[in-house]
There are 4 protein chains.
Amino acid sequence: MEFIPQDKNYASRIKESFARQTFMEYIGAKLAEVKPGYCEIHVPYRKELTQQHGYFHAGVVGTLADNAAGYAAYTLMAVDSSILTVEYKVNLMAPGNGEMLIAKSTVLKYGRTLTICRTDVFVQKNGVEKICAAAQVTLIELAEKKDGE
Amino acid sequence: MEFIPQDKNYASRIKESFARQTFMEYIGAKLAEVKPGYCEIHVPYRKELTQQHGYFHAGVVGTLADNAAGYAAYTLMAVDSSILTVEYKVNLMAPGNGEMLIAKSTVLKYGRTLTICRTDVFVQKNGVEKICAAAQVTLIELAEKKDGE
Amino acid sequence: MEFIPQDKNYASRIKESFARQTFMEYIGAKLAEVKPGYCEIHVPYRKELTQQHGYFHAGVVGTLADNAAGYAAYTLMAVDSSILTVEYKVNLMAPGNGEMLIAKSTVLKYGRTLTICRTDVFVQKNGVEKICAAAQVTLIELAEKKDGE
Amino acid sequence: MEFIPQDKNYASRIKESFARQTFMEYIGAKLAEVKPGYCEIHVPYRKELTQQHGYFHAGVVGTLADNAAGYAAYTLMAVDSSILTVEYKVNLMAPGNGEMLIAKSTVLKYGRTLTICRTDVFVQKNGVEKICAAAQVTLIELAEKKDGE
């Protein structure tokens, strides 16, 4: 499906919002790509982000799954809207064992109030990407409430 | 419901597992309480854990919801089992606006392979707890695979 | 938590809405109880409602979990609002093996737009209730759009 | 991804299992297609399957989403295994307004114990298919427990 963004400066709006999320910086997340209805976020491996077996922690996986969905949805929203996650559901399908975590999210349905996205999370090991989690995320658009205010 | 743990040393087993999760230390999480079928985790507010409005990031909320469920389930498991999250679903119901995030998880059904937990996440502001998220989590017990190995 | 309904005739409004859901009649569902923020629905066992092992079909279990949540939320809504399910998630924890399926749903958070409910589904066998499923449901209130119009 | 079924007679095994699900017959569901890792189920419109606005009931939508996932997963399982749904999550994105409901499910990850599927549910109106729901489903394989026994 092709999406037409309402705000042609969506990319810079998202970059600024992402930069305001201190937690993204804290876990070393980078906004790798945004296009209408799509967002991709990367997190390089660091010991600080791991669970008891030394793999990426499920919490980091879920965080990326949700956040990529939020910005995928946000590409389509009005310039003076902000966005909140209503809920997300994530299946952890394989250990997050690798040098990079990569979340790719796509808008499935953009609605006036609610938007639904699907996120696939991959772990890259020796340069090869393998799916490790799958999520479905519901987001709500808050009209006339700018993100940075 | 009253749960009888198989391993009477479950509390120390969980303390050790929690300590191996580097990500818990990184976000400042403390294991506040464990009892059979129950786990509570606290995270004090820090700027590093926030989203664009300065509240606890949804990723931190989801991380706690999942992790508290994992350890609630783990209280009931065999001494030589380890545990993995199969999936979790979390509704974010109010902003994480406060000085402490508190996740309380309870086992709803302990099964031979799968265990289901419900977690309520509260945000404490000026000493008053308010529910901010609700999760349902599915966990799997991996028999004869010790957590720290 | 105590809920104060906006519409004191919520019970008759719900009875009428339930009666308009032909599928409820088709599966033999009865509205057993409604009170502010709560709804209970019963379905007696019939061979038509079963899966391959002769137990209540997961689809019937999910239907009840969702529908009880919808009416629990609807007890709190304005007289001229209608309601839609945004999404639901249900864990099937035990076979639906018994003479009656009973869904009990409680509002966890009533919001201006979105309401979150939790439903426990029980199967009654020889008069004894046993939990067989647990759900978490997100609902949306459509203002100024009466249910029967 | 290409899936290699363990049981080359998977299609007839599924046809027989589907036929044992009395609820499928009761709602008029037809097994439209099965291939390795994929299943499609159709339900023609009938007044008995509707909610208060005369559209397909969310319960029917959820039932199909889950059932299509179950049989998509079952195409890959061993001849003497049976299958159960662990949990499913479904987003209802548009009214089920049309003459036919169509669920298409694909295996995302086939595992030794757990399998994850995604289902898209479409409603067909005047011959045009429109997505109305999206689900993510977790299933468990019960080894050495034949479906019809």
# chains A, B, ... in the order shown; residues from 1 in each chain; ligands from 1
>>> interface_residues(of="chain B", to="chain C", cutoff="12 Å", atoms="only C-alpha atoms", output="MDAnalysis selection string")
chainID B and resid 1 86:94 107:120 130:139
>>> select_by_dssp(residues="chain B", states="strand (DSSP E)", output="JSON, numbers by chain")
{"B": [30, 31, 32, 33, 34, 35, 38, 39, 40, 41, 42, 43, 44, 82, 83, 84, 85, 86, 87, 88, 89, 90, 91, 92, 100, 101, 102, 103, 104, 105, 106, 107, 108, 109, 110, 114, 115, 116, 117, 118, 119, 120, 121, 122, 123, 124, 125, 128, 129, 130, 131, 132, 133, 134, 135, 136, 137, 138, 139, 140, 141, 142]}
>>> residues_around(residues="range 28-36 of chain D", least_positions_apart="6", cutoff="8 Å", atoms="only C-alpha atoms", output="PyMOL selection string")
chain D and resi 2-5+11+15+18+42-44+71-72+75-76
>>> write_last_selection(atoms="N, CA and C atoms", output="CSV table (one decimal), in the first residue's frame")
chain,number,residue,atom,x,y,z
D,2,GLU,N,10.0,-20.9,2.4
D,2,GLU,CA,9.3,-22.1,2.0
D,2,GLU,C,9.3,-23.2,3.1
D,3,PHE,N,8.2,-23.8,3.3
D,3,PHE,CA,8.1,-24.8,4.3
D,3,PHE,C,8.0,-26.2,3.7
D,4,ILE,N,8.6,-27.1,4.4
D,4,ILE,CA,8.5,-28.5,3.9
D,4,ILE,C,7.7,-29.3,4.9
D,5,PRO,N,6.5,-29.7,4.6
D,5,PRO,CA,5.7,-30.5,5.6
D,5,PRO,C,6.3,-31.8,5.9
D,11,ALA,N,-2.8,-32.3,3.9
D,11,ALA,CA,-4.1,-31.7,3.5
D,11,ALA,C,-5.3,-32.6,3.9
D,15,LYS,N,-8.3,-31.6,6.5
D,15,LYS,CA,-9.7,-31.7,6.1
D,15,LYS,C,-10.5,-32.5,7.1
D,18,PHE,N,-10.8,-30.4,10.4
D,18,PHE,CA,-11.7,-29.3,10.2
D,18,PHE,C,-13.2,-29.9,10.3
D,42,HIS,N,-13.1,-19.5,4.6
D,42,HIS,CA,-14.2,-18.5,4.2
D,42,HIS,C,-15.4,-18.7,5.0
D,43,VAL,N,-16.1,-17.7,5.2
D,43,VAL,CA,-17.5,-17.8,5.8
D,43,VAL,C,-18.4,-16.8,5.1
D,44,PRO,N,-19.4,-17.4,4.4
D,44,PRO,CA,-20.4,-16.5,3.8
D,44,PRO,C,-21.3,-15.8,4.8
D,71,TYR,N,-4.7,-24.1,11.5
D,71,TYR,CA,-4.5,-25.1,10.4
D,71,TYR,C,-3.3,-24.7,9.6
D,72,ALA,N,-2.9,-23.4,9.5
D,72,ALA,CA,-1.6,-23.1,8.9
D,72,ALA,C,-0.5,-23.8,9.6
D,75,THR,N,-0.3,-27.7,9.2
D,75,THR,CA,0.2,-28.3,7.9
D,75,THR,C,1.7,-28.7,8.1
D,76,LEU,N,2.4,-28.1,9.1
D,76,LEU,CA,3.8,-28.4,9.3
D,76,LEU,C,4.1,-29.5,10.4
>>> residues_around(residues="His53 in chain B", least_positions_apart="2", cutoff="12 Å", atoms="only C-alpha atoms", output="ChimeraX atom specification")
/A:17-23,82-84,145-149 /B:47,49-51,55-58,95-97
>>> closest_atom_pairs(of="range 74-108 of chain A", to="range 121-128 of chain A", cutoff="6 Å", atoms="only C-alpha atoms", output="CSV")
residue,atom,partner,partner_atom,distance
A:Gly96,CA,A:Val123,CA,5.8
A:Gly98,CA,A:Lys125,CA,4.3
A:Glu99,CA,A:Lys125,CA,5.6
A:Met100,CA,A:Gln124,CA,5.1
A:Leu101,CA,A:Val123,CA,4.6
A:Ile102,CA,A:Phe122,CA,5.0
A:Ala103,CA,A:Val121,CA,4.3
>>> write_last_selection(atoms="C-alpha atoms", output="PDB file, in the first residue's frame")
ATOM      1  CA  GLY A  96      18.366 -11.882  20.496  1.00  0.00           C
ATOM      2  CA  GLY A  98      23.857 -11.015  17.603  1.00  0.00           C
ATOM      3  CA  GLU A  99      25.675  -7.734  17.122  1.00  0.00           C
ATOM      4  CA  MET A 100      22.666  -5.577  16.169  1.00  0.00           C
ATOM      5  CA  LEU A 101      18.926  -5.465  16.845  1.00  0.00           C
ATOM      6  CA  ILE A 102      16.829  -4.133  13.951  1.00  0.00           C
ATOM      7  CA  ALA A 103      13.124  -3.264  14.193  1.00  0.00           C
TER       8      ALA A 103
END
>>> decode(residues="range 113-137 of chain D", atoms="N, CA and C atoms", output="mmCIF file, in the first residue's frame")
data_model
loop_
_atom_site.group_PDB
_atom_site.id
_atom_site.type_symbol
_atom_site.label_atom_id
_atom_site.label_comp_id
_atom_site.auth_asym_id
_atom_site.auth_seq_id
_atom_site.Cartn_x
_atom_site.Cartn_y
_atom_site.Cartn_z
ATOM 1 N N THR D 113 8.167 -26.699 19.704
ATOM 2 C CA THR D 113 7.006 -26.720 20.596
ATOM 3 C C THR D 113 5.974 -25.681 20.165
ATOM 4 N N LEU D 114 6.433 -24.459 19.937
ATOM 5 C CA LEU D 114 5.517 -23.351 19.650
ATOM 6 C C LEU D 114 5.644 -22.864 18.212
ATOM 7 N N THR D 115 4.520 -22.492 17.654
ATOM 8 C CA THR D 115 4.484 -21.940 16.301
ATOM 9 C C THR D 115 3.714 -20.620 16.347
ATOM 10 N N ILE D 116 4.233 -19.627 15.607
ATOM 11 C CA ILE D 116 3.605 -18.305 15.589
ATOM 12 C C ILE D 116 3.071 -18.043 14.181
ATOM 13 N N CYS D 117 1.830 -17.605 14.098
ATOM 14 C CA CYS D 117 1.224 -17.277 12.803
ATOM 15 C C CYS D 117 0.680 -15.860 12.824
ATOM 16 N N ARG D 118 0.592 -15.307 11.622
ATOM 17 C CA ARG D 118 -0.124 -14.049 11.447
ATOM 18 C C ARG D 118 -1.296 -14.305 10.520
ATOM 19 N N THR D 119 -2.445 -13.746 10.895
ATOM 20 C CA THR D 119 -3.635 -13.891 10.072
ATOM 21 C C THR D 119 -4.137 -12.516 9.662
ATOM 22 N N ASP D 120 -4.455 -12.369 8.388
ATOM 23 C CA ASP D 120 -5.186 -11.196 7.919
ATOM 24 C C ASP D 120 -6.611 -11.644 7.626
ATOM 25 N N VAL D 121 -7.571 -10.870 8.109
ATOM 26 C CA VAL D 121 -8.964 -11.197 7.812
ATOM 27 C C VAL D 121 -9.520 -10.111 6.898
ATOM 28 N N PHE D 122 -10.135 -10.544 5.808
ATOM 29 C CA PHE D 122 -10.698 -9.640 4.822
ATOM 30 C C PHE D 122 -12.212 -9.810 4.789
ATOM 31 N N VAL D 123 -12.884 -8.722 4.457
ATOM 32 C CA VAL D 123 -14.308 -8.852 4.180
ATOM 33 C C VAL D 123 -14.471 -8.509 2.697
ATOM 34 N N GLN D 124 -15.224 -9.359 2.009
ATOM 35 C CA GLN D 124 -15.417 -9.164 0.574
ATOM 36 C C GLN D 124 -16.793 -8.547 0.352
ATOM 37 N N LYS D 125 -16.814 -7.402 -0.344
ATOM 38 C CA LYS D 125 -18.089 -6.733 -0.623
ATOM 39 C C LYS D 125 -18.156 -6.446 -2.113
ATOM 40 N N ASN D 126 -19.208 -6.885 -2.736
ATOM 41 C CA ASN D 126 -19.333 -6.758 -4.195
ATOM 42 C C ASN D 126 -18.061 -7.256 -4.896
ATOM 43 N N GLY D 127 -17.524 -8.334 -4.364
ATOM 44 C CA GLY D 127 -16.362 -8.957 -4.990
ATOM 45 C C GLY D 127 -15.020 -8.344 -4.652
ATOM 46 N N VAL D 128 -15.019 -7.223 -3.918
ATOM 47 C CA VAL D 128 -13.751 -6.568 -3.573
ATOM 48 C C VAL D 128 -13.356 -6.907 -2.134
ATOM 49 N N GLU D 129 -12.126 -7.367 -1.951
ATOM 50 C CA GLU D 129 -11.638 -7.706 -0.607
ATOM 51 C C GLU D 129 -11.026 -6.493 0.077
ATOM 52 N N LYS D 130 -11.375 -6.322 1.350
ATOM 53 C CA LYS D 130 -10.815 -5.224 2.148
ATOM 54 C C LYS D 130 -10.388 -5.809 3.488
ATOM 55 N N ILE D 131 -9.201 -5.458 3.957
ATOM 56 C CA ILE D 131 -8.756 -6.005 5.234
ATOM 57 C C ILE D 131 -9.633 -5.442 6.346
ATOM 58 N N CYS D 132 -10.065 -6.314 7.255
ATOM 59 C CA CYS D 132 -10.873 -5.831 8.376
ATOM 60 C C CYS D 132 -10.281 -6.213 9.731
ATOM 61 N N ALA D 133 -9.339 -7.138 9.744
ATOM 62 C CA ALA D 133 -8.745 -7.513 11.034
ATOM 63 C C ALA D 133 -7.366 -8.117 10.811
ATOM 64 N N ALA D 134 -6.538 -8.019 11.853
ATOM 65 C CA ALA D 134 -5.183 -8.571 11.800
ATOM 66 C C ALA D 134 -4.904 -9.250 13.129
ATOM 67 N N ALA D 135 -4.361 -10.458 13.045
ATOM 68 C CA ALA D 135 -4.150 -11.221 14.275
ATOM 69 C C ALA D 135 -2.750 -11.795 14.336
ATOM 70 N N GLN D 136 -2.321 -12.061 15.547
ATOM 71 C CA GLN D 136 -1.072 -12.777 15.782
ATOM 72 C C GLN D 136 -1.410 -13.899 16.758
ATOM 73 N N VAL D 137 -1.004 -15.118 16.437
ATOM 74 C CA VAL D 137 -1.503 -16.305 17.143
ATOM 75 C C VAL D 137 -0.332 -17.204 17.539
#
